[in-house]
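File shown: structure-v1.cif (mmCIF, N, CA and C atoms).
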```
data_final
loop_
_atom_site.label_atom_id
_atom_site.label_comp_id
_atom_site.auth_asym_id
_atom_site.auth_seq_id
_atom_site.Cartn_x
_atom_site.Cartn_y
_atom_site.Cartn_z
N MET B 1 10.05 -3.16 6.73
CA MET B 1 9.17 -2.04 6.43
C MET B 1 9.36 -1.65 4.98
N GLY B 2 8.31 -1.57 4.21
CA GLY B 2 8.39 -1.26 2.80
C GLY B 2 7.79 0.09 2.52
N GLY B 3 7.96 0.52 1.30
CA GLY B 3 7.37 1.79 0.96
C GLY B 3 7.54 2.13 -0.49
N ALA B 4 6.89 3.20 -0.87
CA ALA B 4 6.96 3.70 -2.22
C ALA B 4 7.09 5.21 -2.14
N ALA B 5 7.82 5.79 -3.08
CA ALA B 5 8.04 7.23 -3.04
C ALA B 5 8.03 7.81 -4.44
N VAL B 6 7.55 9.04 -4.55
CA VAL B 6 7.62 9.80 -5.78
C VAL B 6 8.42 11.04 -5.46
N SER B 7 9.44 11.32 -6.26
CA SER B 7 10.19 12.55 -6.04
C SER B 7 10.28 13.33 -7.33
N TRP B 8 10.56 14.59 -7.22
CA TRP B 8 10.62 15.49 -8.35
C TRP B 8 11.85 16.34 -8.21
N CYS B 9 12.68 16.34 -9.23
CA CYS B 9 13.88 17.15 -9.25
C CYS B 9 13.79 18.00 -10.50
N ALA B 10 13.64 19.30 -10.36
CA ALA B 10 13.37 20.11 -11.53
C ALA B 10 14.37 21.25 -11.66
N PHE B 11 14.68 21.55 -12.91
CA PHE B 11 15.46 22.71 -13.24
C PHE B 11 14.58 23.68 -14.01
N ALA B 12 13.33 23.32 -14.17
CA ALA B 12 12.35 24.13 -14.90
C ALA B 12 11.18 24.40 -13.96
N ASP B 13 10.03 24.70 -14.53
CA ASP B 13 8.84 24.92 -13.72
C ASP B 13 8.42 23.62 -13.03
N PRO B 14 7.80 23.68 -11.85
CA PRO B 14 7.35 22.45 -11.19
C PRO B 14 6.29 21.76 -12.04
N PRO B 15 6.11 20.46 -11.83
CA PRO B 15 5.16 19.72 -12.65
C PRO B 15 3.73 20.10 -12.32
N SER B 16 2.85 19.86 -13.27
CA SER B 16 1.45 20.10 -12.98
C SER B 16 0.97 19.01 -12.03
N LYS B 17 -0.11 19.28 -11.33
CA LYS B 17 -0.68 18.29 -10.41
C LYS B 17 -1.00 17.01 -11.16
N THR B 18 -1.33 17.12 -12.42
CA THR B 18 -1.66 15.95 -13.23
C THR B 18 -0.49 14.97 -13.27
N LEU B 19 0.72 15.42 -13.48
CA LEU B 19 1.87 14.53 -13.53
C LEU B 19 2.08 13.84 -12.19
N VAL B 20 2.01 14.58 -11.11
CA VAL B 20 2.18 14.00 -9.78
C VAL B 20 1.08 12.98 -9.50
N ASP B 21 -0.14 13.28 -9.90
CA ASP B 21 -1.25 12.34 -9.72
C ASP B 21 -1.01 11.05 -10.50
N ILE B 22 -0.56 11.17 -11.75
CA ILE B 22 -0.28 9.99 -12.56
C ILE B 22 0.83 9.16 -11.92
N LEU B 23 1.91 9.80 -11.52
CA LEU B 23 3.04 9.09 -10.90
C LEU B 23 2.61 8.39 -9.62
N SER B 24 1.90 9.10 -8.76
CA SER B 24 1.47 8.52 -7.48
C SER B 24 0.53 7.35 -7.70
N GLY B 25 -0.43 7.51 -8.59
CA GLY B 25 -1.38 6.44 -8.87
C GLY B 25 -0.69 5.19 -9.41
N GLU B 26 0.21 5.37 -10.37
CA GLU B 26 0.90 4.23 -10.96
C GLU B 26 1.87 3.59 -9.97
N LEU B 27 2.53 4.40 -9.18
CA LEU B 27 3.46 3.84 -8.19
C LEU B 27 2.71 2.99 -7.17
N ASN B 28 1.60 3.49 -6.68
CA ASN B 28 0.80 2.72 -5.71
C ASN B 28 0.26 1.45 -6.34
N ARG B 29 -0.22 1.53 -7.59
CA ARG B 29 -0.77 0.37 -8.28
C ARG B 29 0.32 -0.69 -8.51
N GLU B 30 1.47 -0.27 -9.06
CA GLU B 30 2.57 -1.20 -9.35
C GLU B 30 3.12 -1.82 -8.07
N PHE B 31 3.32 -1.00 -7.04
CA PHE B 31 3.88 -1.52 -5.79
C PHE B 31 2.94 -2.53 -5.15
N SER B 32 1.64 -2.22 -5.12
CA SER B 32 0.66 -3.15 -4.53
C SER B 32 0.62 -4.46 -5.31
N PHE B 33 0.63 -4.37 -6.63
CA PHE B 33 0.60 -5.57 -7.46
C PHE B 33 1.84 -6.43 -7.23
N LEU B 34 3.02 -5.83 -7.32
CA LEU B 34 4.26 -6.59 -7.16
C LEU B 34 4.40 -7.13 -5.74
N LYS B 35 3.99 -6.36 -4.75
CA LYS B 35 4.07 -6.80 -3.36
C LYS B 35 3.21 -8.06 -3.15
N ALA B 36 2.05 -8.11 -3.81
CA ALA B 36 1.13 -9.23 -3.63
C ALA B 36 1.48 -10.43 -4.51
N LYS B 37 1.99 -10.20 -5.73
CA LYS B 37 2.12 -11.28 -6.71
C LYS B 37 3.55 -11.68 -7.05
N ALA B 38 4.50 -10.79 -6.89
CA ALA B 38 5.86 -11.06 -7.37
C ALA B 38 6.67 -11.87 -6.35
N ASP B 39 7.59 -12.66 -6.87
CA ASP B 39 8.51 -13.41 -6.02
C ASP B 39 9.90 -13.29 -6.60
N PRO B 40 10.78 -12.53 -5.99
CA PRO B 40 10.64 -11.89 -4.69
C PRO B 40 9.86 -10.58 -4.79
N ALA B 41 9.18 -10.27 -3.72
CA ALA B 41 8.39 -9.03 -3.67
C ALA B 41 9.30 -7.85 -3.37
N PRO B 42 9.01 -6.69 -3.94
CA PRO B 42 9.80 -5.51 -3.60
C PRO B 42 9.43 -4.99 -2.21
N TYR B 43 10.39 -4.37 -1.55
CA TYR B 43 10.07 -3.71 -0.29
C TYR B 43 10.10 -2.18 -0.45
N TYR B 44 10.62 -1.72 -1.60
CA TYR B 44 10.71 -0.27 -1.84
C TYR B 44 10.66 -0.02 -3.34
N MET B 45 9.91 1.01 -3.73
CA MET B 45 9.88 1.47 -5.12
C MET B 45 9.81 2.99 -5.13
N ALA B 46 10.40 3.58 -6.17
CA ALA B 46 10.34 5.03 -6.30
C ALA B 46 10.43 5.42 -7.77
N TYR B 47 9.76 6.50 -8.12
CA TYR B 47 9.90 7.14 -9.42
C TYR B 47 10.47 8.53 -9.15
N GLU B 48 11.48 8.90 -9.90
CA GLU B 48 12.04 10.24 -9.80
C GLU B 48 12.02 10.88 -11.17
N VAL B 49 11.37 12.03 -11.27
CA VAL B 49 11.28 12.77 -12.53
C VAL B 49 12.28 13.91 -12.50
N VAL B 50 13.02 14.04 -13.60
CA VAL B 50 13.94 15.16 -13.76
C VAL B 50 13.53 15.88 -15.04
N GLU B 51 13.34 17.17 -14.92
CA GLU B 51 12.99 17.99 -16.09
C GLU B 51 14.00 19.12 -16.19
N GLN B 52 14.53 19.30 -17.39
CA GLN B 52 15.55 20.32 -17.59
C GLN B 52 15.22 21.16 -18.82
N GLN B 53 15.50 22.45 -18.71
CA GLN B 53 15.41 23.35 -19.85
C GLN B 53 16.73 24.08 -19.93
N GLY B 54 17.20 24.27 -21.12
CA GLY B 54 18.47 24.98 -21.28
C GLY B 54 18.50 25.75 -22.58
N GLN B 55 19.41 26.68 -22.65
CA GLN B 55 19.60 27.46 -23.87
C GLN B 55 21.08 27.72 -24.03
N SER B 56 21.56 27.57 -25.25
CA SER B 56 22.96 27.79 -25.56
C SER B 56 23.05 28.80 -26.70
N LEU B 57 23.84 29.83 -26.50
CA LEU B 57 24.02 30.86 -27.52
C LEU B 57 25.49 30.89 -27.93
N SER B 58 25.72 31.16 -29.18
CA SER B 58 27.08 31.29 -29.68
C SER B 58 27.15 32.53 -30.56
N ALA B 59 28.15 33.36 -30.33
CA ALA B 59 28.28 34.59 -31.11
C ALA B 59 29.75 34.86 -31.39
N THR B 60 30.00 35.56 -32.48
CA THR B 60 31.34 36.00 -32.85
C THR B 60 31.25 37.43 -33.36
N LEU B 61 32.07 38.29 -32.78
CA LEU B 61 32.13 39.69 -33.18
C LEU B 61 30.76 40.36 -33.16
N GLY B 62 29.97 40.01 -32.15
CA GLY B 62 28.66 40.63 -31.98
C GLY B 62 27.55 40.03 -32.82
N ALA B 63 27.84 39.02 -33.62
CA ALA B 63 26.81 38.39 -34.46
C ALA B 63 26.41 37.05 -33.85
N LEU B 64 25.12 36.87 -33.66
CA LEU B 64 24.61 35.62 -33.13
C LEU B 64 24.73 34.55 -34.22
N LEU B 65 25.43 33.47 -33.90
CA LEU B 65 25.64 32.39 -34.86
C LEU B 65 24.76 31.18 -34.57
N GLN B 66 24.45 30.97 -33.31
CA GLN B 66 23.67 29.79 -32.95
C GLN B 66 22.84 30.07 -31.71
N ASN B 67 21.60 29.62 -31.72
CA ASN B 67 20.71 29.73 -30.57
C ASN B 67 19.99 28.40 -30.45
N THR B 68 20.35 27.61 -29.44
CA THR B 68 19.78 26.28 -29.27
C THR B 68 19.04 26.21 -27.95
N ARG B 69 17.80 25.74 -28.01
CA ARG B 69 17.01 25.53 -26.80
C ARG B 69 16.78 24.03 -26.62
N ASN B 70 16.75 23.61 -25.37
CA ASN B 70 16.55 22.20 -25.06
C ASN B 70 15.58 22.08 -23.90
N HIS B 71 14.63 21.16 -24.02
CA HIS B 71 13.69 20.89 -22.94
C HIS B 71 13.47 19.39 -22.91
N GLU B 72 13.76 18.77 -21.78
CA GLU B 72 13.59 17.32 -21.68
C GLU B 72 13.10 16.94 -20.30
N ARG B 73 12.41 15.80 -20.26
CA ARG B 73 11.89 15.26 -19.01
C ARG B 73 12.13 13.75 -19.05
N GLY B 74 12.52 13.21 -17.92
CA GLY B 74 12.74 11.77 -17.86
C GLY B 74 12.42 11.22 -16.49
N ILE B 75 12.33 9.89 -16.47
CA ILE B 75 11.99 9.18 -15.23
C ILE B 75 13.10 8.22 -14.90
N ASP B 76 13.40 8.11 -13.62
CA ASP B 76 14.34 7.12 -13.11
C ASP B 76 13.54 6.25 -12.15
N THR B 77 13.52 4.95 -12.39
CA THR B 77 12.71 4.02 -11.62
C THR B 77 13.60 3.18 -10.71
N THR B 78 13.24 3.10 -9.44
CA THR B 78 13.98 2.29 -8.48
C THR B 78 13.06 1.22 -7.92
N VAL B 79 13.52 -0.03 -7.96
CA VAL B 79 12.82 -1.15 -7.35
C VAL B 79 13.84 -1.91 -6.52
N ARG B 80 13.56 -2.06 -5.24
CA ARG B 80 14.47 -2.80 -4.35
C ARG B 80 13.77 -4.04 -3.84
N VAL B 81 14.44 -5.19 -3.99
CA VAL B 81 13.93 -6.46 -3.48
C VAL B 81 14.92 -7.00 -2.46
N GLY B 82 14.44 -7.82 -1.58
CA GLY B 82 15.26 -8.35 -0.49
C GLY B 82 14.86 -7.65 0.79
N SER B 83 15.86 -7.07 1.45
CA SER B 83 15.61 -6.31 2.68
C SER B 83 16.59 -5.15 2.72
N PRO B 84 16.34 -4.15 3.55
CA PRO B 84 17.27 -3.03 3.63
C PRO B 84 18.70 -3.46 3.98
N SER B 85 18.86 -4.56 4.70
CA SER B 85 20.21 -5.00 5.07
C SER B 85 20.91 -5.73 3.93
N PHE B 86 20.15 -6.30 2.98
CA PHE B 86 20.76 -6.98 1.84
C PHE B 86 19.76 -7.00 0.69
N ASP B 87 19.98 -6.12 -0.28
CA ASP B 87 19.08 -6.05 -1.42
C ASP B 87 19.87 -5.96 -2.72
N ASN B 88 19.18 -5.75 -3.82
CA ASN B 88 19.82 -5.71 -5.13
C ASN B 88 20.75 -4.52 -5.33
N TYR B 89 20.79 -3.59 -4.41
CA TYR B 89 21.72 -2.46 -4.52
C TYR B 89 23.02 -2.71 -3.75
N HIS B 90 23.12 -3.82 -3.04
CA HIS B 90 24.32 -4.15 -2.28
C HIS B 90 25.24 -5.02 -3.13
N PRO B 91 26.56 -4.83 -3.00
CA PRO B 91 27.50 -5.67 -3.74
C PRO B 91 27.33 -7.14 -3.33
N TYR B 92 27.41 -8.03 -4.33
CA TYR B 92 27.28 -9.45 -4.07
C TYR B 92 28.13 -10.21 -5.07
N LYS B 93 29.05 -11.03 -4.57
CA LYS B 93 29.92 -11.84 -5.41
C LYS B 93 30.55 -11.02 -6.53
N SER B 94 30.98 -9.86 -6.23
CA SER B 94 31.63 -8.92 -7.15
C SER B 94 30.82 -8.61 -8.40
N LEU B 95 29.49 -8.81 -8.34
CA LEU B 95 28.63 -8.40 -9.46
C LEU B 95 28.45 -6.89 -9.40
N PRO B 96 28.44 -6.23 -10.54
CA PRO B 96 28.25 -4.77 -10.50
C PRO B 96 26.85 -4.41 -10.02
N ILE B 97 26.76 -3.31 -9.32
CA ILE B 97 25.45 -2.82 -8.86
C ILE B 97 24.74 -2.24 -10.08
N ARG B 98 23.50 -2.64 -10.29
CA ARG B 98 22.74 -2.16 -11.43
C ARG B 98 21.80 -1.04 -10.99
N PHE B 99 22.11 0.14 -11.44
CA PHE B 99 21.22 1.26 -11.19
C PHE B 99 20.37 1.46 -12.43
N THR B 100 19.29 2.14 -12.27
CA THR B 100 18.35 2.32 -13.38
C THR B 100 18.88 3.37 -14.35
N SER B 101 18.23 3.45 -15.49
CA SER B 101 18.63 4.40 -16.51
C SER B 101 17.54 5.44 -16.71
N PHE B 102 17.96 6.60 -17.11
CA PHE B 102 17.06 7.71 -17.40
C PHE B 102 16.25 7.38 -18.65
N THR B 103 14.92 7.47 -18.58
CA THR B 103 14.04 7.15 -19.69
C THR B 103 13.18 8.36 -20.01
N ALA B 104 13.11 8.74 -21.28
CA ALA B 104 12.35 9.92 -21.70
C ALA B 104 10.88 9.79 -21.32
N LEU B 105 10.30 10.92 -20.95
CA LEU B 105 8.91 10.99 -20.51
C LEU B 105 8.23 12.16 -21.21
N SER B 106 6.95 12.02 -21.50
CA SER B 106 6.17 13.03 -22.19
C SER B 106 6.27 14.40 -21.51
N LEU B 107 6.54 15.43 -22.30
CA LEU B 107 6.58 16.80 -21.78
C LEU B 107 5.18 17.39 -21.62
N ASP B 108 4.22 16.85 -22.34
CA ASP B 108 2.88 17.44 -22.33
C ASP B 108 1.91 16.69 -21.42
N ASN B 109 2.44 15.91 -20.47
CA ASN B 109 1.63 15.16 -19.50
C ASN B 109 0.62 14.23 -20.17
N ASP B 110 1.01 13.61 -21.27
CA ASP B 110 0.18 12.62 -21.94
C ASP B 110 0.08 11.41 -21.01
N ALA B 111 -1.05 11.25 -20.34
CA ALA B 111 -1.22 10.21 -19.32
C ALA B 111 -0.97 8.81 -19.86
N ASN B 112 -1.44 8.53 -21.08
CA ASN B 112 -1.23 7.20 -21.65
C ASN B 112 0.25 6.91 -21.89
N GLN B 113 0.98 7.88 -22.44
CA GLN B 113 2.42 7.67 -22.67
C GLN B 113 3.15 7.51 -21.35
N ILE B 114 2.82 8.33 -20.38
CA ILE B 114 3.49 8.26 -19.07
C ILE B 114 3.21 6.90 -18.42
N ARG B 115 1.97 6.46 -18.43
CA ARG B 115 1.64 5.16 -17.83
C ARG B 115 2.36 4.02 -18.53
N ARG B 116 2.37 4.02 -19.87
CA ARG B 116 3.06 2.96 -20.62
C ARG B 116 4.54 2.95 -20.28
N THR B 117 5.15 4.13 -20.19
CA THR B 117 6.56 4.21 -19.84
C THR B 117 6.80 3.69 -18.44
N LEU B 118 5.94 4.06 -17.49
CA LEU B 118 6.09 3.58 -16.11
C LEU B 118 5.91 2.07 -16.02
N TRP B 119 4.93 1.52 -16.72
CA TRP B 119 4.72 0.06 -16.72
C TRP B 119 5.96 -0.64 -17.25
N SER B 120 6.43 -0.16 -18.40
CA SER B 120 7.57 -0.80 -19.06
C SER B 120 8.83 -0.71 -18.20
N GLU B 121 9.11 0.47 -17.67
CA GLU B 121 10.32 0.65 -16.86
C GLU B 121 10.24 -0.10 -15.53
N THR B 122 9.08 -0.10 -14.90
CA THR B 122 8.93 -0.84 -13.65
C THR B 122 9.17 -2.32 -13.89
N ASP B 123 8.61 -2.86 -14.96
CA ASP B 123 8.81 -4.26 -15.30
C ASP B 123 10.28 -4.56 -15.56
N ARG B 124 10.93 -3.72 -16.38
CA ARG B 124 12.35 -3.92 -16.72
C ARG B 124 13.23 -3.87 -15.47
N VAL B 125 13.01 -2.86 -14.63
CA VAL B 125 13.84 -2.69 -13.44
C VAL B 125 13.56 -3.80 -12.43
N TYR B 126 12.29 -4.19 -12.27
CA TYR B 126 11.98 -5.29 -11.35
C TYR B 126 12.67 -6.58 -11.80
N ARG B 127 12.64 -6.88 -13.10
CA ARG B 127 13.28 -8.10 -13.59
C ARG B 127 14.78 -8.09 -13.32
N LEU B 128 15.44 -6.96 -13.53
CA LEU B 128 16.86 -6.85 -13.20
C LEU B 128 17.10 -7.06 -11.70
N ALA B 129 16.25 -6.42 -10.88
CA ALA B 129 16.40 -6.52 -9.43
C ALA B 129 16.18 -7.95 -8.94
N SER B 130 15.17 -8.63 -9.48
CA SER B 130 14.87 -9.98 -9.00
C SER B 130 15.94 -10.98 -9.44
N ARG B 131 16.57 -10.76 -10.59
CA ARG B 131 17.66 -11.64 -11.03
C ARG B 131 18.90 -11.49 -10.16
N ARG B 132 19.13 -10.29 -9.69
CA ARG B 132 20.32 -10.02 -8.91
C ARG B 132 20.17 -10.66 -7.55
#
```
Rewritten as structure tokens:
Amino acid sequence: MGGAAVSWCAFADPPSKTLVDILSGELNREFSFLKAKADPAPYYMAYEVVEQQGQSLSATLGALLQNTRNHERGIDTTVRVGSPSFDNYHPYKSLPIRFTSFTALSLDNDANQIRRTLWSETDRVYRLASRR
């Protein structure tokens, strides 16, 4: 049984419907394409978006010395090939398990940038998974 999933983990405001629509559309498109054309075909794919906002203040003797704000969004792409009982996330011949890396994603829901990032990351992660 295969599947695809989109998840959202936020420390800031929830994403706009536009971001979820872009993620869902690209995930369905990529999964369908790889399922039909790739060898080995994936049985599971997921995109997880993490968005964080933070602020750091520093003061001495009542005087503000530093005020730093941070806002970032990134995607983590998962592609699993094989089967749930033995896939690229399972240890094999003492090879290290390769998990995906956090990749920066547009904060302003730029659909073209998000799609290009998803295409690139899905391709990179699939190639790692299929080699393993």
Figure out the distance between atom CA of B:Ser120 and atom N of B:Gly54, please, to one decimal in Å.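 Going from atom N of B:Gly54 over to atom CA of B:Ser120 covers 26.9 Å.
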Answer key for the PyMOL selection byres (((chain B and resi 77-85 and name CA) around 6) and name CA), residues as an MDAnalysis selection string: chainID B and resid 42:47 76 86:87 126
Please evaluate the PyMOL selection byres ((chain B and resi 103) around 7) against the structure above and give the resulting residues as a PyMOL selection string. chain B and resi 73-77+101-102+104-105
For the provided coordinates, the residues matched by the PyMOL selection byres (((chain B and resi 108-115 and name CA) around 8) and name CA) should be stated as a count of residues only. 11
Just the strand (DSSP E) stuff from stretch 31-113 of chain B, please, per backbone DSSP, written as a ChimeraX atom specification. /B:42-60,63-83,86-87,103-104
Just the number, please: distance in Å from atom N of B:Val50 to atom N of B:His71, one decimal.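 Taking atom N of B:Val50 and atom N of B:His71, their separation equals 12.7 Å.
Considering only stretch 36-113 of chain B, backbone DSSP assigns alpha helix (DSSP H) to Ala36, Lys37, Ala111, Asn112 and Gln113 of chain B.
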Output file for the residues above (N, CA and C atoms, as a CSV table (one decimal), in the coordinates of the input):
```
chain,number,residue,atom,x,y,z
B,36,ALA,N,2.0,-8.1,-3.8
B,36,ALA,CA,1.1,-9.2,-3.6
B,36,ALA,C,1.5,-10.4,-4.5
B,37,LYS,N,2.0,-10.2,-5.7
B,37,LYS,CA,2.1,-11.3,-6.7
B,37,LYS,C,3.6,-11.7,-7.0
B,111,ALA,N,-1.0,11.2,-20.3
B,111,ALA,CA,-1.2,10.2,-19.3
B,111,ALA,C,-1.0,8.8,-19.9
B,112,ASN,N,-1.4,8.5,-21.1
B,112,ASN,CA,-1.2,7.2,-21.6
B,112,ASN,C,0.2,6.9,-21.9
B,113,GLN,N,1.0,7.9,-22.4
B,113,GLN,CA,2.4,7.7,-22.7
B,113,GLN,C,3.2,7.5,-21.4
```
Could you jot down the atom CA of B:Lys37 to atom CA of B:Val49 separation for me, Å, one decimal place? 26.4 Å
